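Structure record follows, encoded as structure tokens.
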Amino acid sequence: MLLPAKRGRGTFVVLPPGGVASVGETRLDEEARTTVELLRNAVRPYAWGSRTAIAELLGRPVPAPHPEAELWMGAHPGDSSRLLCQDGSEVSLVRLLDAEPTHQLGRACTDIWGNRLPYLMKVLAADEPLSLQAHPSAEQAADGFAREEALDVPRSAPDRNYPDPTAKPELICALTEFHALAGFRAAEATVRLLHQLDVPSLRAHVRLLAAQPDRDGLRALFTTWITLPEENLRALIPDLLRACAEYVRSGGEFVEECRTVLELGEAYPNDAGVLASLLLNRIVLRPGEAIYLSPGNLHAYLRGTGVEILANSDNILRCGLTPKHVDVAELLKVLDFGNGEMRVLTGERRGTNLTVYRTEAEEFELSRVEWNSGDRAGVLLDSAGPQILLCTEGAVRLSPTSGGAGSNGNGGHNGHTGGARELELSQGDSVWLAASDPCVLAQPLGEAHERVQLFRAAPGAV
């Protein structure tokens with residue numbers, strides 16, 4: 001039987017590398033329970049994942065026996081992080097939040113999202129392209145969810161579009177060079193690309209966009225392509241691939257775009273998503289750069305490793321490059337056909353070491369703390385809501401402090417909270433900090449020449 005104990009302020013929960021252990025039954029009381037020590041995260045083995053990136057991050061043998069696509073950190077009901085209690089049993093973070101919502105999430109968070117952690121943090125490692133997809137706004141998600149509930153569509157049905165009533169904005173910050181398609185390219189530039197390719201079977205389509213090079217013209221062309229019968233795709237896409245191959249051989253301003261079309265055409269023959277990819281910005285992020293994907297943004301990650309933060313939702317409207325369900329009519333309701341260059345975020349610098357990637361999303365805010373050679377200054381991390389910290393490089397010591405709220409820059413506070421212990425995190429370790437915990441001082445460990453990097457997830461609206 002579990003021996004309950006009062007939970008003191010400043011208790012830390014460590015998320016070590018590795019998979020999910022067997023689940024033990026744990027009793028939770030709102031006023032008293034065993035102090036939680038450890039938490040384990042799930043690795044999702046999707047086919048497009050890497051056999052090296054996540055294994056290397058977690059210090060496991062490389063290559064992994066199967067593709068590892070995502071490391072999930074948070075309270076997603078499908079694969080929640082799990083807390084390891086003193087008696088060796090485990091409890092999911094979802095269950096802990098249900099038992100102690102105010103203590104863990106804070107009143108400001110529960111007033112908006114109830115007992116639900118509003119964000120999910122991931123390490124995403126892609127060796128192959130993901131599906132072409134977009135996500136709904138909050139209003140679209142609520143309406144779609146209510147409609148499918150009224151129709152009694154099972155929430156686990158493969159043709160369900162809205163398994164939950166929430167929006168799903170997301171942000172990806174590159175750990176390695178990261179390649180993606182995101183947002184519609186400026187219509188004039190797409191007309192120029194299509195003219196240069198000069199595919200005879202596409203000339204009528206090019207004229208369509210050239211006559212109306214704006215969001216309405218893009219909608220018309222996209223709708224034409226995404227609704228083409230399979231026999232038309234079988235005739236058109238090989239012509240496109242031949243033109244792209246010739247373009248790559250001869251050179252031009254759109255060589256990388258054409259290479260991507262060739263790669264997608266080989267992986268997904270006669271898929272309408274291959275055509276749709278011609279309309280999107282092709283983006284290459286350097287480590288530390290990020291893109292924010294607002295509701296309605298059509299995108300596909302191509303390859304690379306990054307830290308992703310997103311609203312805690314499963315609402316996905318797919319366009320192509322997948323064998324999964326594609327609902328064209330619903331996708332067209334959700335898509336944003338605004339066009340132009342996709343903004344690459346470098347973050348807002350706060351102090352010497354802290355960078356914050358600010359977006360419009362209320363559900364999340366991602367920050368990055370880095371220490372370069374010779375830099376060993378402490379950084380005070382404070383938030384009014386629950387946080388997850390992930391060490392992606394080097395090692396760091398976390399010390400609870402009595403620093404005041406709102407301190408987000410560099411600091412050297414010495415006011416340690418009584419009874420709370422320090423923690424040392426290595427690469428691949430992560431930490432859950434409840435809203436009721438004090439702020440922490442993060443200090444890099446190891447030799448002065450070693451680089452250290454830490455990511456922080458927190459709600460954006462508290």
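As shown in the structure tokens, the chain order sets the letters A, B, ...; within each chain, residues go from 1, and ligands are also counted from 1 in the order they appear.
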Listing only residues of region 127-156 of chain A within 12 Å of region 320-327 of chain A, what is the closest atom pair and its distance in Å (to one decimal) for each, using only C-alpha atoms, sorted by chain and residue number ascending, as CSV?
residue,atom,partner,partner_atom,distance
A:Glu128,CA,A:Leu321,CA,10.9
A:Pro129,CA,A:Leu321,CA,8.1
A:Leu130,CA,A:Leu321,CA,7.3
A:Ser131,CA,A:Leu321,CA,4.8
A:Leu132,CA,A:Gly320,CA,5.3
A:Gln133,CA,A:Gly320,CA,7.4
A:Ala134,CA,A:Gly320,CA,10.7
Excluding Val440 (chain A) and any residue of its chain fewer than 4 positions from it, enumerate the residues within 7 Å of it, using only C-alpha atoms, and give them as a PyMOL selection string.
chain A and resi 380-382+398-401
Go ahead and write the selection's residues with C-alpha atoms as an mmCIF file, in the first residue's frame.
data_model
loop_
_atom_site.group_PDB
_atom_site.id
_atom_site.type_symbol
_atom_site.label_atom_id
_atom_site.label_comp_id
_atom_site.auth_asym_id
_atom_site.auth_seq_id
_atom_site.Cartn_x
_atom_site.Cartn_y
_atom_site.Cartn_z
ATOM 1 C CA LEU A 380 16.589 32.121 -13.625
ATOM 2 C CA LEU A 381 13.565 30.297 -15.078
ATOM 3 C CA ASP A 382 10.203 31.414 -13.764
ATOM 4 C CA LEU A 398 18.605 23.042 -11.522
ATOM 5 C CA SER A 399 18.335 24.710 -8.115
ATOM 6 C CA PRO A 400 15.053 25.950 -6.610
ATOM 7 C CA THR A 401 15.296 29.576 -5.553
#
With a distance cut-off of 10 Å and only C-alpha atoms, select the neighbouring residues of Leu57 (chain A), excluding the residue or stretch itself and same-chain residues fewer than 6 positions from it, and output the selection as a ChimeraX atom specification.
/A:17,123,391-393,426-429
If you count only C-alpha atoms, which residues fall within 10 Å of Phe145 (chain A), apart from same-chain ones fewer than 3 positions away, as a list in words?
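Surrounding residues, per the criterion: Glu139, Gln140, Ala141, Ala142, Glu148, Glu149, Ala150, Leu151, Val153, Arg155, Arg160, Asn161, Tyr162, Pro163, Asp164, Pro165, Thr166 and Asn315 of chain A.
Checking A:Arg358, A:Arg282, A:Arg259, A:Arg368 one by one against Leu345 (chain A), counting only C-alpha atoms, you find the shortest gap at A:Arg358.
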DSSP on the backbone: which residues in region 233-313 of chain A end up as alpha helix (DSSP H)? Give the answer as a PyMOL selection string.
chain A and resi 233-250+255-267+272-277
Using CA of Phe455 (chain A) and CA of Pro438 (chain A) as the two end points, give the distance in Å to one decimal.
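Distance between the two atoms: 18.0 Å.
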Using only C-alpha atoms, which protein or nucleic acid residues come within 8 Å of Ile54 (chain A)? Drop anything in the same chain fewer than 5 positions from it, and give the result as a PyMOL selection string.
chain A and resi 68-71+123+125
Mind dumping the selected residues with N, CA and C atoms as a short mmCIF file (atom, residue, chain, number, x, y, z; two decimals), in the first residue's frame?
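Contents of out_4.cif, freshly written:
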data_model
loop_
_atom_site.label_atom_id
_atom_site.label_comp_id
_atom_site.auth_asym_id
_atom_site.auth_seq_id
_atom_site.Cartn_x
_atom_site.Cartn_y
_atom_site.Cartn_z
N GLU A 68 12.32 5.71 -34.93
CA GLU A 68 11.80 6.44 -33.77
C GLU A 68 11.52 7.87 -34.22
N ALA A 69 10.23 8.23 -34.23
CA ALA A 69 9.82 9.48 -34.86
C ALA A 69 9.66 10.63 -33.87
N GLU A 70 9.07 10.36 -32.71
CA GLU A 70 8.75 11.43 -31.77
C GLU A 70 8.94 10.96 -30.34
N LEU A 71 9.51 11.82 -29.52
CA LEU A 71 9.58 11.64 -28.08
C LEU A 71 8.58 12.61 -27.47
N VAL A 123 10.30 15.86 -29.18
CA VAL A 123 11.45 15.86 -30.08
C VAL A 123 10.99 15.09 -31.31
N ALA A 125 11.91 13.66 -35.06
CA ALA A 125 13.08 13.24 -35.85
C ALA A 125 12.59 12.56 -37.12
#
Determine the nearest neighbour of Thr346 (chain A) from the options A:Pro269, A:Gly88, A:Pro287, A:Pro229, counting only C-alpha atoms.
A:Pro287
